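Listing of run-v2.cif, mmCIF, C-alpha atoms
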```cif
data_input
loop_
_atom_site.label_atom_id
_atom_site.label_comp_id
_atom_site.auth_asym_id
_atom_site.auth_seq_id
_atom_site.Cartn_x
_atom_site.Cartn_y
_atom_site.Cartn_z
CA MET A 1 0.00 0.00 0.00
CA ARG A 2 1.32 3.38 -0.96
CA HIS A 3 0.65 6.06 1.62
CA ALA A 4 1.49 9.67 2.29
CA ALA A 5 5.13 10.41 2.91
CA ALA A 6 6.14 10.87 6.53
CA ALA A 7 8.93 13.24 5.63
CA PRO A 8 7.48 16.68 4.94
CA ALA A 9 7.57 17.48 1.26
CA ALA A 10 6.38 20.85 -0.03
CA PRO A 11 2.58 20.95 -0.29
CA SER A 12 1.18 20.34 -3.77
CA ALA A 13 -2.10 19.30 -5.37
CA ALA A 14 -0.67 15.83 -6.04
CA GLN A 15 0.40 15.43 -2.41
CA ASP A 16 -3.01 16.69 -1.23
CA GLN A 17 -4.63 13.87 -3.21
CA GLN A 18 -2.34 11.26 -1.73
CA ILE A 19 -3.07 12.49 1.80
CA LEU A 20 -6.82 12.79 1.22
CA ASN A 21 -6.85 9.20 0.00
CA PHE A 22 -5.11 8.16 3.20
CA ALA A 23 -7.72 10.11 5.17
CA LEU A 24 -10.45 8.41 3.12
CA LEU A 25 -9.10 5.00 4.17
CA LEU A 26 -9.33 6.05 7.83
CA GLU A 27 -12.86 7.35 7.34
CA TYR A 28 -13.98 4.19 5.49
CA LEU A 29 -12.60 2.21 8.41
CA GLN A 30 -14.39 4.31 11.04
CA GLU A 31 -17.67 4.41 9.13
CA GLY A 32 -17.62 0.65 8.55
CA PHE A 33 -16.83 0.00 12.19
CA TYR A 34 -19.70 2.09 13.57
CA SER A 35 -22.11 0.83 10.94
CA ASP A 36 -21.33 -2.81 11.86
CA ALA A 37 -21.53 -2.09 15.57
CA VAL A 38 -24.93 -0.38 15.36
CA LYS A 39 -26.29 -3.23 13.21
CA SER A 40 -25.02 -5.85 15.66
CA GLY A 41 -27.45 -4.64 18.31
CA ALA A 42 -24.80 -5.16 20.99
CA LEU A 43 -24.65 -1.51 22.04
CA LYS A 44 -26.90 0.06 24.66
CA GLY A 45 -27.56 3.48 26.11
CA GLU A 46 -25.03 6.24 25.54
CA VAL A 47 -22.52 3.92 23.83
CA ARG A 48 -25.15 3.16 21.20
CA HIS A 49 -25.98 6.86 20.90
CA PHE A 50 -22.27 7.60 20.45
CA ALA A 51 -21.96 4.99 17.68
CA GLU A 52 -25.01 6.37 15.87
CA VAL A 53 -23.96 10.02 16.08
CA VAL A 54 -20.30 9.39 15.27
CA GLY A 55 -21.19 6.94 12.49
CA GLU A 56 -23.19 9.75 10.83
CA HIS A 57 -20.19 12.07 11.12
CA GLU A 58 -17.83 9.51 9.57
CA ARG A 59 -20.30 8.94 6.73
CA ALA A 60 -20.27 12.69 6.05
CA HIS A 61 -16.45 12.69 6.10
CA VAL A 62 -16.36 9.82 3.58
CA ALA A 63 -18.79 11.64 1.30
CA TYR A 64 -16.78 14.85 1.53
CA LEU A 65 -13.47 13.15 0.73
CA GLN A 66 -14.97 11.09 -2.12
CA LYS A 67 -16.32 14.26 -3.66
CA ALA A 68 -13.02 16.10 -3.21
CA LEU A 69 -11.08 13.24 -4.81
CA GLY A 70 -13.57 12.49 -7.58
CA ALA A 71 -12.40 9.69 -9.85
CA ARG A 72 -9.16 9.41 -7.86
CA ALA A 73 -10.95 8.32 -4.69
CA ARG A 74 -9.79 4.89 -3.53
CA GLN A 75 -12.20 1.97 -3.43
CA ARG A 76 -13.93 1.13 -0.19
CA PRO A 77 -12.38 -2.00 1.36
CA THR A 78 -14.60 -4.58 3.04
CA PHE A 79 -13.35 -4.73 6.61
CA ALA A 80 -13.58 -7.71 8.92
CA PHE A 81 -14.01 -6.47 12.49
CA GLY A 82 -14.62 -9.88 14.03
CA ASP A 83 -16.13 -9.68 17.50
CA LYS A 84 -15.01 -6.07 18.01
CA THR A 85 -18.39 -4.83 16.85
CA GLN A 86 -20.33 -7.62 18.60
CA HIS A 87 -19.68 -6.78 22.26
CA GLU A 88 -19.92 -3.42 23.94
CA ARG A 89 -16.66 -3.70 25.87
CA SER A 90 -14.55 -4.66 22.85
CA PHE A 91 -16.38 -2.01 20.78
CA VAL A 92 -15.45 0.72 23.27
CA ASP A 93 -11.81 -0.37 23.44
CA ALA A 94 -11.49 -0.46 19.66
CA ALA A 95 -13.28 2.88 19.22
CA VAL A 96 -10.84 4.53 21.63
CA VAL A 97 -7.96 3.34 19.43
CA LEU A 98 -9.70 4.28 16.15
CA GLU A 99 -10.53 7.81 17.24
CA ASN A 100 -7.24 8.58 18.94
CA VAL A 101 -5.22 7.28 16.00
CA GLY A 102 -7.46 9.27 13.65
CA VAL A 103 -6.64 12.51 15.45
CA VAL A 104 -2.86 12.13 15.41
CA ALA A 105 -2.88 10.72 11.86
CA TYR A 106 -4.64 13.87 10.59
CA ASN A 107 -2.34 16.05 12.70
CA GLY A 108 0.70 14.33 11.20
CA GLN A 109 -0.35 15.38 7.69
CA ALA A 110 -1.47 18.96 8.41
CA ALA A 111 1.81 20.65 7.52
CA ASN A 112 2.01 18.64 4.27
CA LEU A 113 -1.28 20.05 2.92
CA THR A 114 -1.94 23.15 0.84
CA ARG A 115 -3.77 25.90 2.73
CA PRO A 116 -7.32 25.28 1.40
CA VAL A 117 -7.10 21.54 2.05
CA LEU A 118 -5.61 22.16 5.49
CA ALA A 119 -8.63 24.37 6.27
CA ALA A 120 -10.96 21.50 5.32
CA ALA A 121 -8.93 18.87 7.17
CA ALA A 122 -8.99 21.04 10.30
CA GLU A 123 -12.81 21.01 10.26
CA ILE A 124 -12.72 17.21 10.18
CA VAL A 125 -9.96 16.52 12.72
CA SER A 126 -11.71 18.92 15.11
CA VAL A 127 -14.66 16.55 15.18
CA GLU A 128 -12.38 13.50 15.47
CA GLY A 129 -10.86 15.12 18.57
CA ARG A 130 -14.37 15.45 20.03
CA HIS A 131 -15.13 11.80 19.24
CA ALA A 132 -11.84 10.73 20.87
CA ALA A 133 -12.60 12.69 24.06
CA TRP A 134 -16.20 11.46 24.17
CA ILE A 135 -15.43 7.74 23.78
CA SER A 136 -12.46 8.02 26.15
CA ASP A 137 -14.75 9.55 28.78
CA LEU A 138 -17.29 6.74 28.22
CA ALA A 139 -14.45 4.20 28.58
CA GLY A 140 -13.39 5.74 31.90
CA ARG A 141 -10.13 7.00 30.41
CA ALA A 142 -8.66 10.50 30.23
CA PRO A 143 -10.54 12.47 27.53
CA ALA A 144 -7.51 14.73 27.00
CA PRO A 145 -4.47 12.73 28.12
CA ARG A 146 -1.79 15.13 26.83
CA ALA A 147 -1.23 18.86 26.31
CA ALA A 148 -0.45 18.22 22.63
CA ASP A 149 -1.70 15.61 20.16
CA VAL A 150 1.59 15.18 18.33
CA GLY A 151 1.07 14.02 14.77
CA ILE A 152 2.26 10.62 13.56
CA SER A 153 3.12 9.40 10.07
CA ALA A 154 0.66 7.53 7.89
CA GLY A 155 2.81 4.42 8.20
CA GLU A 156 2.78 4.60 11.98
CA ALA A 157 -1.00 5.10 12.03
CA LEU A 158 -1.53 2.01 9.87
CA ARG A 159 0.90 0.00 12.00
CA ILE A 160 -1.07 0.83 15.18
CA LEU A 161 -4.40 0.02 13.54
CA ARG A 162 -3.05 -3.25 12.17
CA SER A 163 -1.62 -4.33 15.50
CA ALA A 164 -4.99 -3.54 17.12
CA GLY A 165 -6.58 -5.94 14.62
CA LEU A 166 -8.55 -3.14 12.97
CA LEU A 167 -7.23 -3.35 9.42
CA LYS A 168 -8.35 -6.83 8.48
CA THR A 169 -10.27 -7.08 5.23
CA ARG A 170 -12.22 -9.89 3.65
CA MET B 171 -3.84 38.84 4.52
CA MET B 172 -5.36 39.00 7.95
CA LYS B 173 -4.11 41.55 10.43
CA GLY B 174 -4.37 40.50 14.04
CA PRO B 175 -4.69 42.82 16.97
CA PHE B 176 -0.99 42.37 17.65
CA ASP B 177 0.18 42.81 14.09
CA PRO B 178 3.87 43.53 14.54
CA SER B 179 4.16 45.32 11.22
CA SER B 180 2.05 48.16 12.59
CA SER B 181 3.44 50.93 14.73
CA GLY B 182 1.36 50.12 17.76
CA THR B 183 0.04 53.64 18.05
CA ALA B 184 -3.48 55.02 17.96
CA ASP B 185 -3.62 55.14 14.16
CA VAL B 186 -3.85 51.36 13.81
CA PRO B 187 -7.45 50.52 12.99
CA THR B 188 -7.17 46.78 13.56
CA LEU B 189 -5.84 47.38 17.02
CA ALA B 190 -8.59 49.88 17.82
CA GLU B 191 -11.16 47.37 16.61
CA PHE B 192 -10.05 44.90 19.21
CA ASP B 193 -9.25 47.44 21.89
CA LEU B 194 -10.55 46.19 25.20
CA ASP B 195 -10.66 49.22 27.44
CA GLY B 196 -7.21 50.10 26.18
CA ALA B 197 -5.67 47.07 27.84
CA LEU B 198 -4.80 45.19 24.69
CA ARG B 199 -3.27 48.37 23.29
CA GLU B 200 -1.06 48.66 26.35
CA MET B 201 0.06 45.08 25.91
CA ALA B 202 0.83 45.59 22.26
CA ASP B 203 2.73 48.81 22.97
CA GLU B 204 4.86 46.97 25.46
CA ALA B 205 5.49 44.16 23.04
CA PHE B 206 6.57 46.57 20.32
CA THR B 207 8.98 48.19 22.75
CA LEU B 208 10.41 44.84 23.71
CA SER B 209 10.87 43.64 20.19
CA ARG B 210 11.90 46.87 18.47
CA GLY B 211 14.74 46.30 16.05
CA ASP B 212 13.66 42.77 15.32
CA LEU B 213 10.00 43.08 14.46
CA PHE B 214 9.93 41.28 11.17
CA ARG B 215 12.29 38.44 11.65
CA LEU B 216 12.74 36.01 14.43
CA SER B 217 15.29 33.28 14.44
CA ALA B 218 13.17 30.64 16.08
CA THR B 219 15.72 27.83 16.10
CA ALA B 220 16.36 27.51 19.79
CA ALA B 221 12.97 28.88 20.82
CA ALA B 222 11.04 26.47 18.63
CA ALA B 223 13.11 23.53 19.76
CA GLY B 224 12.58 24.49 23.40
CA ALA B 225 8.86 24.88 22.92
CA LEU B 226 8.56 21.54 21.19
CA VAL B 227 10.50 19.80 23.91
CA GLY B 228 8.28 21.50 26.50
CA LEU B 229 5.27 19.86 24.91
CA GLY B 230 6.94 16.53 24.43
CA LEU B 231 7.19 17.17 20.73
CA ALA B 232 10.54 15.63 20.00
CA THR B 233 10.86 16.37 16.33
CA GLY B 234 14.54 17.18 16.19
CA ASP B 235 13.62 18.66 12.85
CA ALA B 236 16.21 20.98 11.37
CA GLU B 237 13.37 22.82 9.67
CA ALA B 238 12.41 24.19 13.07
CA ALA B 239 15.26 26.56 12.31
CA ALA B 240 12.83 28.52 10.16
CA THR B 241 12.59 32.27 10.47
CA MET B 242 9.21 33.32 11.79
CA SER B 243 7.17 35.68 9.62
CA ALA B 244 5.50 38.83 10.96
CA ASN B 245 2.18 37.17 10.17
CA ASP B 246 3.01 34.13 12.32
CA ILE B 247 4.24 36.35 15.15
CA SER B 248 0.93 38.22 15.01
CA ILE B 249 -1.10 35.00 15.22
CA LEU B 250 1.01 33.55 18.01
CA ARG B 251 0.72 36.76 20.02
CA PHE B 252 -3.04 36.54 19.84
CA ASP B 253 -2.84 32.93 21.03
CA GLN B 254 -0.46 33.86 23.80
CA VAL B 255 -2.91 36.38 25.25
CA LEU B 256 -5.72 33.83 24.96
CA GLU B 257 -3.61 31.22 26.77
CA TYR B 258 -2.77 33.74 29.51
CA LEU B 259 -6.49 34.28 29.95
CA GLN B 260 -7.42 30.59 30.00
CA ALA B 261 -4.48 29.38 32.07
CA GLY B 262 -5.24 32.13 34.59
CA LEU B 263 -8.94 31.30 34.66
CA TYR B 264 -8.48 27.58 35.33
CA THR B 265 -5.54 28.00 37.67
CA GLU B 266 -7.51 30.45 39.83
CA ALA B 267 -10.52 28.10 39.88
CA GLU B 268 -8.25 25.28 41.02
CA ARG B 269 -6.66 27.45 43.71
CA LEU B 270 -10.00 28.66 45.10
CA GLY B 271 -11.41 25.12 45.10
CA ALA B 272 -15.03 26.29 45.26
CA LEU B 273 -16.35 24.32 42.29
CA LYS B 274 -17.80 20.80 42.23
CA PRO B 275 -15.17 18.02 42.39
CA GLU B 276 -15.67 16.88 38.78
CA THR B 277 -15.47 20.49 37.57
CA LEU B 278 -12.28 21.03 39.56
CA ALA B 279 -10.83 17.81 38.15
CA TRP B 280 -11.50 19.17 34.65
CA ALA B 281 -10.00 22.57 35.55
CA ARG B 282 -6.89 20.89 36.99
CA VAL B 283 -6.14 18.89 33.82
CA VAL B 284 -7.14 21.58 31.35
CA GLY B 285 -5.35 24.28 33.35
CA ALA B 286 -2.13 22.25 33.15
CA HIS B 287 -2.59 21.93 29.38
CA GLU B 288 -3.18 25.65 28.91
CA ARG B 289 -0.10 26.45 31.02
CA ALA B 290 1.94 24.10 28.81
CA HIS B 291 0.50 25.75 25.69
CA LEU B 292 1.35 29.18 27.10
CA GLN B 293 4.91 28.10 27.84
CA ALA B 294 5.35 26.68 24.34
CA ILE B 295 3.95 29.77 22.62
CA THR B 296 6.00 32.10 24.81
CA LYS B 297 9.19 30.22 23.92
CA LEU B 298 8.31 30.26 20.23
CA LEU B 299 7.79 34.02 20.34
CA GLY B 300 11.01 34.71 22.21
CA THR B 301 11.58 38.47 22.34
CA ASN B 302 8.29 38.99 20.47
CA ALA B 303 6.28 37.63 23.38
CA VAL B 304 3.75 39.88 25.11
CA LYS B 305 3.46 40.25 28.87
CA ASN B 306 0.58 38.82 30.84
CA PRO B 307 -1.93 41.67 30.90
CA GLY B 308 -3.47 40.32 34.11
CA PHE B 309 -7.13 39.44 34.18
CA ASN B 310 -9.90 39.97 36.67
CA TYR B 311 -12.18 36.94 36.63
CA GLY B 312 -14.54 38.28 39.27
CA ALA B 313 -16.76 35.54 40.69
CA VAL B 314 -16.50 33.28 37.63
CA THR B 315 -13.73 31.14 39.15
CA SER B 316 -15.81 30.32 42.24
CA ASP B 317 -19.34 30.21 40.81
CA GLU B 318 -20.16 26.77 39.36
CA THR B 319 -22.73 27.94 36.81
CA ALA B 320 -20.76 30.95 35.62
CA PHE B 321 -17.55 28.93 35.40
CA LEU B 322 -19.12 26.14 33.34
CA LYS B 323 -20.76 28.55 30.91
CA THR B 324 -17.53 30.48 30.52
CA ALA B 325 -15.44 27.33 30.08
CA VAL B 326 -17.77 25.88 27.43
CA ALA B 327 -17.79 29.18 25.55
CA PHE B 328 -13.99 29.54 25.64
CA GLU B 329 -13.17 25.94 24.74
CA ASP B 330 -15.63 25.86 21.82
CA LEU B 331 -14.36 29.16 20.45
CA THR B 332 -10.67 28.43 21.05
CA ALA B 333 -10.96 25.26 18.97
CA ALA B 334 -12.74 27.26 16.26
CA LEU B 335 -10.10 30.00 16.40
CA LEU B 336 -7.19 27.58 15.94
CA LYS B 337 -9.02 26.18 12.91
CA TRP B 338 -9.21 29.68 11.48
CA GLN B 339 -5.53 30.36 12.16
CA ALA B 340 -4.00 27.05 10.94
CA PRO B 341 -4.29 27.69 7.18
CA ARG B 342 -3.17 31.30 7.72
CA LEU B 343 0.19 30.35 9.23
CA ASP B 344 3.29 30.59 7.03
CA SER B 345 5.65 28.23 8.84
CA ARG B 346 4.93 24.54 8.40
CA GLU B 347 6.72 23.82 11.67
CA ILE B 348 4.34 26.18 13.46
CA VAL B 349 1.38 24.59 11.64
CA ALA B 350 2.48 21.22 13.05
CA VAL B 351 2.56 22.68 16.58
CA ALA B 352 -0.72 24.60 16.15
CA VAL B 353 -2.70 21.56 15.00
CA SER B 354 -1.32 19.49 17.88
CA LEU B 355 -2.78 22.09 20.27
CA HIS B 356 -5.98 22.48 18.23
CA SER B 357 -7.20 18.91 18.66
CA VAL B 358 -6.50 19.09 22.40
CA GLU B 359 -8.76 22.16 22.59
CA THR B 360 -11.50 20.19 20.81
CA ARG B 361 -11.03 17.45 23.44
CA HIS B 362 -11.39 20.01 26.23
CA SER B 363 -14.55 21.27 24.58
CA ALA B 364 -16.06 17.80 24.15
CA TRP B 365 -15.12 16.85 27.71
CA ILE B 366 -16.67 19.91 29.39
CA ARG B 367 -19.76 19.57 27.20
CA HIS B 368 -20.11 15.95 28.29
CA LEU B 369 -19.64 17.07 31.89
CA VAL B 370 -22.55 19.52 31.69
CA GLY B 371 -24.82 17.18 29.71
CA LEU B 372 -24.40 18.74 26.27
CA GLU B 373 -23.69 16.69 23.14
CA PRO B 374 -19.87 16.55 22.81
CA ALA B 375 -19.93 16.47 18.99
CA THR B 376 -22.89 18.05 17.25
CA THR B 377 -21.83 18.29 13.62
CA PRO B 378 -19.55 16.41 11.16
CA PHE B 379 -17.57 19.58 10.37
CA ASP B 380 -16.55 22.15 12.99
CA LYS B 381 -16.48 25.63 11.50
CA PRO B 382 -13.68 28.13 12.16
CA ALA B 383 -14.08 31.40 14.04
CA SER B 384 -11.94 34.47 13.50
CA GLN B 385 -9.77 36.42 15.90
CA ALA B 386 -12.42 39.15 15.78
CA GLU B 387 -15.01 36.69 17.08
CA MET B 388 -12.69 35.61 19.89
CA ALA B 389 -11.94 39.25 20.72
CA ALA B 390 -15.70 39.84 21.00
CA LEU B 391 -16.06 36.94 23.45
CA ILE B 392 -13.14 38.21 25.52
CA ARG B 393 -14.66 41.69 25.53
CA SER B 394 -18.01 40.32 26.71
CA THR B 395 -16.40 38.77 29.79
CA HIS B 396 -14.95 42.03 31.15
CA PHE B 397 -11.99 39.93 32.30
CA VAL B 398 -9.63 42.43 30.70
CA VAL B 399 -9.16 45.41 32.95
CA SER B 400 -7.01 48.34 31.94
CA ARG B 401 -4.23 49.06 34.37
CA ARG B 402 -4.94 52.75 33.82
CA THR B 403 -8.27 52.37 35.54
CA LYS B 404 -7.72 50.74 38.90
CA THR B 405 -10.83 48.61 38.95
CA ALA B 406 -9.19 45.22 39.21
CA GLY B 407 -10.59 43.25 42.09
CA LYS B 408 -13.68 45.42 42.42
CA LYS B 409 -15.41 45.05 39.11
CA LYS B 410 -18.35 42.67 39.06
CA PRO B 411 -18.09 39.84 36.58
CA GLY B 412 -19.92 40.96 33.49
CA TYR B 413 -19.97 37.54 31.89
CA THR B 414 -22.19 34.82 33.20
CA GLY B 415 -23.16 33.35 29.87
#
```
Produce structure tokens that represent the structure in this file.
Amino acid sequence: MRHAAAAPAAPSAAQDQQILNFALLLEYLQEGFYSDAVKSGALKGEVRHFAEVVGEHERAHVAYLQKALGARARQRPTFAFGDKTQHERSFVDAAVVLENVGVVAYNGQAANLTRPVLAAAAEIVSVEGRHAAWISDLAGRAPAPRAADVGISAGEALRILRSAGLLKTR
Amino acid sequence: MMKGPFDPSSSGTADVPTLAEFDLDGALREMADEAFTLSRGDLFRLSATAAAAGALVGLGLATGDAEAAATMSANDISILRFDQVLEYLQAGLYTEAERLGALKPETLAWARVVGAHERAHLQAITKLLGTNAVKNPGFNYGAVTSDETAFLKTAVAFEDLTAALLKWQAPRLDSREIVAVAVSLHSVETRHSAWIRHLVGLEPATTPFDKPASQAEMAALIRSTHFVVSRRTKTAGKKKPGYTG
């Protein structure tokens, strides 16, 4: 898989596309995860409400990125989440990882984007930060564990997701 | 290009319309005047090598990136000065609330964590600005730091708008190194906002896209609080809090 360069190269339209396609992969993953979890019927109360609300947001992010990328938008993979969407506890744990990785993955690309695309990405990552704090609070963890959400490379983001068992496809 | 209230390319005197627009009882003007005095002779360029590295280390941002040796533009200095004043205000607000200890335990727990973050942000921005930093103007929070309802309303308003402000500023920054720092603070502000909203029973995330808000909008919120008190008029400590939401 080819993904956005970790080393900062000067922003360009071509690099924007590469990064937006990486973001689209993250959004496909999040949308698919919440969609599966809501369908499973395993979630109750506020956790279910969280999955419904956040799933809607991720769907809107996917639609935005697909439109921005047009014909260059990557295909939607079919993810295999196993039992992570079938039990509330495993759902919450996985959602904490998904949302927190999403935030620092976007942050890691910010300086590599052209100004207009950075403005759009900021509107998205802002909401991802809210999701991360919300699900962390529901999980009984620190909603804002650090003073700075230091960005990570695309490769590092994918490595974390893979090791959490969240990047399996079928 | 935007001109912030602390635009260093201006003279800092009364003929600066952008400054007058944001003038809060003359206090911001005093701060800016002081800053111009401090930084005279080096208004347009700032070698941020050591300062940026120090600020990054202070936040645990170990980049070791040689590009942090960038020279800061007047535009970036202007934006960071605005943020510095905002961080002074927020760090002071939460630190005073923590010291007084009059709020509910869960509110104090929030203020303790978020106050520490805002102090870290302030330290990082101050180091980045170096000789272009502005002094703490001093704020009078009135009863807001000891009144549960007023504090929560104020905190929600500031955290929501701070996140929106950083979104407005990010694409306006020139330095990519500063963009990387700014976005790492931005998402933490959105976490603070979601967390305090959850605490008070509001939806933490209400929309798929969070819109930006300008420095003018933030200046209007600050003005509405009456936290900024001119040192020329000795009302600090007596003035009633004007902002209760």
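A straight line drawn from CA of Gly129 in chain A to CA of Asp149 in chain A is 9.3 Å long.
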Any chance you could work out the residue set of the PyMOL selection byres ((chain A) within 9 of (chain B)) here, as a ChimeraX atom specification?
-> /A:8,53-54,56-61,103-104,107-112,114-120,122-134,137,143-151
Residues matched by the PyMOL selection byres ((chain A and resi 24-36) around 8), written as a list in words |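 After applying the PyMOL selection byres ((chain A and resi 24-36) around 8), what remains is Leu20, Asn21, Phe22, Ala23, Ala37, Val38, Lys39, Ser40, Ala51, Glu52, Val54, Gly55, Glu56, Glu58, Arg59, His61, Val62, Leu65, Gln66, Ala73, Arg74, Arg76, Pro77, Phe79, Phe81, Thr85, Leu98, Gly102 and Leu167 of chain A.
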Go through the shown structure with the PyMOL selection byres ((chain A and resi 164) around 12) and write out the matching residues as a ChimeraX atom specification.
-> /A:81-82,84,90,93-98,101,157-163,165-168
Give the answer as one residue: which of A:Leu113, A:Val47, A:Gly140, A:Gly41 has the shortest atom-to-atom distance to Ala14 in chain A, using only C-alpha atoms?
->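 When distances to Ala14 in chain A are compared using only C-alpha atoms, the smallest one comes from A:Leu113.
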Could you please determine the separation between CA of Glu257 in chain B and CA of Lys274 in chain B in Å, to one decimal place?
->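 Atom-to-atom, CA of Glu257 in chain B and CA of Lys274 in chain B are spaced 23.4 Å apart.
Straight-line separation from CA of Leu263 in chain B to CA of Thr277 in chain B: 13.0 Å.
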Which residues come within 10 Å of Val255 in chain B, counting only C-alpha atoms, excluding same-chain residues fewer than 4 positions away, as a ChimeraX atom specification?
-> /B:176,198,201,250-251,259-261,292,295-296,303-308
